[in-house]
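S.K.: Enclosed is the structure file run_18.cif (mmCIF, C-alpha atoms).
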```cif
data_run
loop_
_atom_site.label_atom_id
_atom_site.label_comp_id
_atom_site.auth_asym_id
_atom_site.auth_seq_id
_atom_site.Cartn_x
_atom_site.Cartn_y
_atom_site.Cartn_z
CA MET L 26 3.07 1.34 -33.47
CA ASP L 27 0.17 0.10 -31.41
CA ILE L 28 2.68 -1.80 -29.33
CA LEU L 29 3.36 1.43 -27.47
CA LYS L 30 -0.08 1.32 -25.95
CA ASN L 31 0.40 -2.09 -24.49
CA PHE L 32 3.58 -1.63 -22.61
CA ASP L 33 2.86 1.75 -21.12
CA LYS L 34 2.02 0.05 -17.88
CA VAL L 35 2.08 3.00 -15.54
CA GLU L 36 -1.07 4.86 -16.35
CA ASP L 37 -4.57 4.76 -17.67
CA ALA L 38 -4.19 3.11 -21.05
CA THR L 39 -7.39 4.55 -22.44
CA LYS L 40 -5.88 8.02 -22.49
CA ILE L 41 -3.11 7.10 -24.87
CA THR L 42 -3.37 8.58 -28.32
CA ASN L 43 -0.82 9.44 -30.95
CA GLU L 44 -0.72 12.97 -29.63
CA SER L 45 -0.35 12.10 -25.95
CA HIS L 46 2.35 13.92 -24.09
CA PHE L 47 3.98 11.67 -21.49
CA SER L 48 3.86 14.07 -18.57
CA LYS L 49 1.05 16.46 -19.50
CA ASP L 50 -1.49 13.93 -20.71
CA LEU L 51 -0.42 10.68 -19.16
CA GLY L 52 0.85 11.89 -15.82
CA LEU L 53 4.28 10.35 -16.17
CA ASP L 54 7.19 11.82 -14.24
CA SER L 55 10.74 12.06 -15.55
CA LEU L 56 11.68 8.64 -14.18
CA ASP L 57 8.63 7.06 -15.80
CA THR L 58 9.63 8.67 -19.07
CA VAL L 59 13.08 7.14 -18.85
CA GLU L 60 11.44 3.77 -18.19
CA VAL L 61 9.14 4.13 -21.19
CA VAL L 62 12.06 5.02 -23.44
CA MET L 63 13.99 2.03 -22.10
CA ALA L 64 11.01 -0.20 -22.87
CA ILE L 65 10.95 1.19 -26.40
CA GLU L 66 14.66 0.41 -26.78
CA GLU L 67 14.06 -3.14 -25.73
CA GLU L 68 10.98 -3.64 -27.85
CA PHE L 69 12.66 -2.41 -31.00
CA SER L 70 16.17 -3.67 -30.25
CA ILE L 71 17.74 -0.27 -30.53
CA GLU L 72 19.78 1.94 -28.23
CA ILE L 73 18.72 5.55 -28.12
CA PRO L 74 21.50 8.06 -27.39
CA ASP L 75 20.90 10.23 -24.31
CA LYS L 76 20.46 13.43 -26.27
CA GLU L 77 17.70 11.96 -28.37
CA ALA L 78 16.18 10.01 -25.51
CA ASP L 79 15.76 13.29 -23.61
CA ALA L 80 13.80 14.72 -26.50
CA ILE L 81 11.24 11.91 -26.49
CA HIS L 82 8.41 13.07 -24.29
CA SER L 83 5.37 12.28 -26.34
CA VAL L 84 3.96 9.30 -28.18
CA GLU L 85 4.37 11.16 -31.45
CA LYS L 86 8.04 11.91 -30.83
CA ALA L 87 8.64 8.29 -29.91
CA VAL L 88 6.93 7.02 -33.05
CA ASN L 89 8.85 9.44 -35.25
CA TYR L 90 12.10 8.43 -33.67
CA ILE L 91 11.42 4.73 -34.14
CA LEU L 92 10.37 5.29 -37.75
CA SER L 93 13.59 7.19 -38.40
CA GLN L 94 15.66 4.21 -37.23
CA PRO L 95 16.46 1.80 -40.04
CA ASP L 96 17.58 -0.80 -37.49
CA ALA L 97 14.38 -0.77 -35.49
CA HIS L 98 12.30 -3.90 -35.74
CA MET Q 17 55.27 21.25 8.03
CA ARG Q 18 55.57 19.86 4.57
CA GLY Q 19 55.50 16.40 6.02
CA SER Q 20 52.27 17.02 7.88
CA ILE Q 21 50.59 18.44 4.80
CA SER Q 22 51.43 15.41 2.77
CA ARG Q 23 50.27 13.24 5.61
CA LEU Q 24 46.97 15.07 5.66
CA ALA Q 25 46.67 14.66 1.92
CA THR Q 26 47.34 10.96 2.24
CA GLN Q 27 44.75 10.69 4.95
CA SER Q 28 42.15 12.35 2.86
CA VAL Q 29 42.98 10.09 -0.04
CA LEU Q 30 42.55 7.11 2.24
CA GLN Q 31 39.30 8.39 3.66
CA ASN Q 32 38.00 8.88 0.18
CA GLY Q 33 39.28 5.50 -0.78
CA PRO Q 34 36.42 4.25 -2.93
CA LEU Q 35 36.39 7.47 -4.92
CA HIS Q 36 39.57 6.74 -6.77
CA THR Q 37 37.89 3.88 -8.56
CA ALA Q 38 34.97 6.12 -9.45
CA PRO Q 39 35.02 8.26 -12.55
CA LEU Q 40 35.70 11.92 -11.91
CA ALA Q 41 32.51 13.08 -13.52
CA ILE Q 42 29.30 12.22 -11.76
CA LEU Q 43 26.49 11.45 -14.13
CA PRO Q 44 23.25 13.36 -13.66
CA PRO Q 45 20.32 11.28 -12.41
CA LYS Q 46 18.56 10.57 -15.68
CA PRO Q 47 21.56 9.35 -17.69
CA LEU Q 48 22.63 7.32 -14.66
CA TYR Q 49 19.18 5.80 -14.29
CA ARG Q 50 19.24 4.85 -17.95
CA ARG Q 51 22.68 3.38 -17.64
CA ILE Q 52 21.70 1.21 -14.69
CA LEU Q 53 18.55 -0.10 -16.37
CA ARG Q 54 20.56 -0.88 -19.51
CA ALA Q 55 23.23 -2.63 -17.47
CA HIS Q 56 20.55 -4.78 -15.85
CA ARG Q 57 19.10 -5.60 -19.24
CA LYS Q 58 22.44 -6.65 -20.66
CA HIS Q 59 24.14 -8.30 -17.73
CA LEU Q 60 21.55 -9.90 -15.48
CA ASP Q 61 19.36 -12.92 -15.99
CA SER Q 62 15.62 -12.32 -15.90
CA ARG Q 63 15.04 -12.96 -12.19
CA MET Q 64 17.93 -10.85 -11.05
CA ARG Q 65 17.00 -8.18 -13.51
CA LEU Q 66 13.46 -8.01 -12.19
CA LEU Q 67 14.70 -7.70 -8.64
CA GLY Q 68 17.37 -5.17 -9.61
CA ASP Q 69 15.02 -3.07 -11.69
CA GLU Q 70 12.43 -2.93 -8.94
CA TYR Q 71 15.02 -1.93 -6.41
CA VAL Q 72 16.66 0.79 -8.45
CA LYS Q 73 13.28 2.17 -9.45
CA SER Q 74 12.09 2.43 -5.88
CA GLU Q 75 15.39 3.92 -4.70
CA PHE Q 76 15.43 6.62 -7.36
CA ARG Q 77 11.81 7.38 -6.64
CA ALA Q 78 12.38 7.53 -2.92
CA HIS Q 79 15.26 9.97 -3.31
CA ARG Q 80 13.92 12.21 -6.03
CA ASN Q 81 13.09 15.06 -3.65
CA VAL Q 82 16.35 15.03 -1.74
CA GLU Q 83 17.87 18.50 -1.63
CA ASN Q 84 21.01 18.09 0.45
CA PRO Q 85 23.84 18.23 -2.14
CA VAL Q 86 26.05 15.93 -0.10
CA HIS Q 87 23.36 13.28 -0.05
CA ILE Q 88 22.71 13.71 -3.76
CA ILE Q 89 26.39 13.33 -4.65
CA GLY Q 90 26.65 10.32 -2.35
CA PHE Q 91 23.59 8.72 -3.88
CA LEU Q 92 24.71 9.31 -7.46
CA SER Q 93 28.30 8.23 -6.96
CA GLU Q 94 27.34 5.01 -5.18
CA TRP Q 95 24.87 4.09 -7.91
CA GLN Q 96 27.43 4.95 -10.53
CA MET Q 97 29.92 2.58 -8.96
CA TYR Q 98 27.20 -0.03 -8.83
CA ALA Q 99 26.54 0.46 -12.56
CA GLN Q 100 30.23 0.00 -13.31
CA LYS Q 101 30.30 -3.20 -11.31
CA VAL Q 102 27.27 -4.63 -13.08
CA GLU Q 103 28.70 -3.64 -16.46
CA GLY Q 104 32.01 -5.25 -15.63
CA ASP Q 105 30.36 -8.35 -14.14
CA SER Q 106 32.73 -7.80 -11.24
CA TRP Q 107 30.20 -7.78 -8.41
CA ARG Q 108 29.97 -11.54 -7.91
CA GLY Q 109 31.72 -12.54 -4.74
CA ALA Q 110 32.56 -8.94 -3.91
CA LYS Q 111 32.72 -8.04 -0.24
CA ILE Q 112 31.16 -5.13 1.58
CA GLU Q 113 33.81 -2.67 2.71
CA GLU Q 114 34.62 -2.93 6.38
CA GLY Q 115 33.93 0.78 6.93
CA LYS Q 116 30.44 0.45 5.56
CA VAL Q 117 29.58 -2.43 7.84
CA GLN Q 118 30.79 -0.44 10.83
CA LYS Q 119 28.57 2.47 9.91
CA MET Q 120 25.47 0.29 9.73
CA SER Q 121 22.84 0.37 12.43
CA ASP Q 122 21.83 -2.80 14.27
CA GLN Q 123 18.68 -2.87 12.21
CA GLN Q 124 20.66 -2.74 8.97
CA ILE Q 125 22.92 -5.54 10.14
CA GLY Q 126 19.80 -7.53 10.97
CA GLN Q 127 18.41 -6.95 7.52
CA LEU Q 128 21.67 -8.01 5.95
CA TYR Q 129 21.59 -11.21 7.97
CA GLU Q 130 18.02 -11.92 6.94
CA LEU Q 131 19.00 -11.36 3.33
CA MET Q 132 21.84 -13.86 3.69
CA GLN Q 133 19.45 -16.43 5.19
CA ALA Q 134 16.95 -15.87 2.42
CA ILE Q 135 19.59 -16.39 -0.23
CA LYS Q 136 20.74 -19.59 1.46
CA THR Q 137 17.21 -20.95 1.64
CA GLU Q 138 16.76 -20.13 -2.00
CA GLY Q 139 19.70 -22.33 -2.92
CA GLU Q 140 18.39 -25.37 -1.01
CA PRO Q 141 16.02 -27.99 -2.37
CA GLY Q 142 12.43 -27.45 -1.29
CA GLU Q 143 11.63 -30.87 0.27
CA GLY Q 144 12.79 -30.27 3.82
CA GLY Q 145 16.08 -32.01 3.25
CA GLN Q 146 19.37 -30.77 4.53
CA GLY Q 147 20.98 -31.93 1.35
CA ASP Q 148 23.42 -30.10 -0.79
CA PRO Q 149 22.28 -26.84 -2.25
CA LYS Q 150 21.06 -27.39 -5.77
CA ILE Q 151 22.77 -25.08 -8.18
#
```
Once you've parsed the file, please lay out its structure as structure tokens.

M.R.:
Amino acid sequence: MDILKNFDKVEDATKITNESHFSKDLGLDSLDTVEVVMAIEEEFSIEIPDKEADAIHSVEKAVNYILSQPDAH
Amino acid sequence: MRGSISRLATQSVLQNGPLHTAPLAILPPKPLYRRILRAHRKHLDSRMRLLGDEYVKSEFRAHRNVENPVHIIGFLSEWQMYAQKVEGDSWRGAKIEEGKVQKMSDQQIGQLYELMQAIKTEGEPGEGGQGDPKI
């Protein structure tokens, strides 16, 4: 899941860890978070329903979500 | 009396013209933002998508602190109609509503004209010819 680190373009990439929280640690606002989730969708060829997309606000949550998707590749 | 009420109702329907094509429910900003970015991803080629994404991102960012509810509703409903158009691929060749042009300032008209010129130039071959636009 290292790919995540590369396409988080908005902020200081050195701060990204598995535990990073998008807004608290990485300084992303709610629009940035939407953009990150959209980039994840594209990268893994999945579409994340709104309810679940709203719950993704950390690297860990994103990774868990992707791992839980059998279609993700 | 009855007649005048129905006339008033008709007038308000006409004034709100574009709304009848809009869905009744206005999406909140985040779902709408997602929907627009997805529509760009699915329906636009890469150059148009880049342009569209940049524009929608800067617009949403520029309006994120707006507090006037009328402005917020206007912003969201216009973008929602835009999303529907992109999703339906129905925006090509669409015209700007007359009312909207009339409400524009001179500066906005100027910008629109510059945009038209830029698009025309884009379609022409680069080597100073006045030849046919290359498509």

S.K.: Run the PyMOL selection byres ((chain L and resi 85) around 12) mentally over the shown coordinates, then write out the matched residues as a ChimeraX atom specification, using the chain letters and numbers from the document.

M.R.: /L:26-27,29,41-47,80-84,86-92

S.K.: Would you pick out the contacts of region 90-99 of chain Q at 12 Å or less, using all atoms listed in the file, so that residues sharing its chain but fewer than 6 positions from it are not included, and give the list as a count of residues only?

M.R.: 45

S.K.: Go ahead and compute the interatomic distance for CA of Ala78 (chain L) and CA of Ser62 (chain Q), in Å to one decimal.

M.R.: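 We find that CA of Ala78 (chain L) and CA of Ser62 (chain Q) lie 24.3 Å from each other.
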
S.K.: Run the PyMOL selection byres ((chain L) within 10 of (chain Q)) against the file shown and list the residues it catches, as a list of chain:residue names.

M.R.: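 With the shown file as input, the PyMOL selection byres ((chain L) within 10 of (chain Q)) matches L:Asp54, L:Ser55, L:Leu56, L:Asp57, L:Thr58, L:Val59, L:Glu60, L:Val62, L:Met63, L:Ala64, L:Glu66, L:Glu67, L:Glu72, L:Pro74, L:Asp75, L:Lys76, L:Ala78, L:Asp79.
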
S.K.: Please measure the separation of CA of Gln133 (chain Q) and CA of Leu67 (chain Q), giving the value in Å to one decimal.

M.R.: 17.0 Å

S.K.: Rounded to one decimal in Å, what is the spacing between CA of Ile125 (chain Q) and CA of Asn81 (chain Q)?

M.R.: 26.7 Å
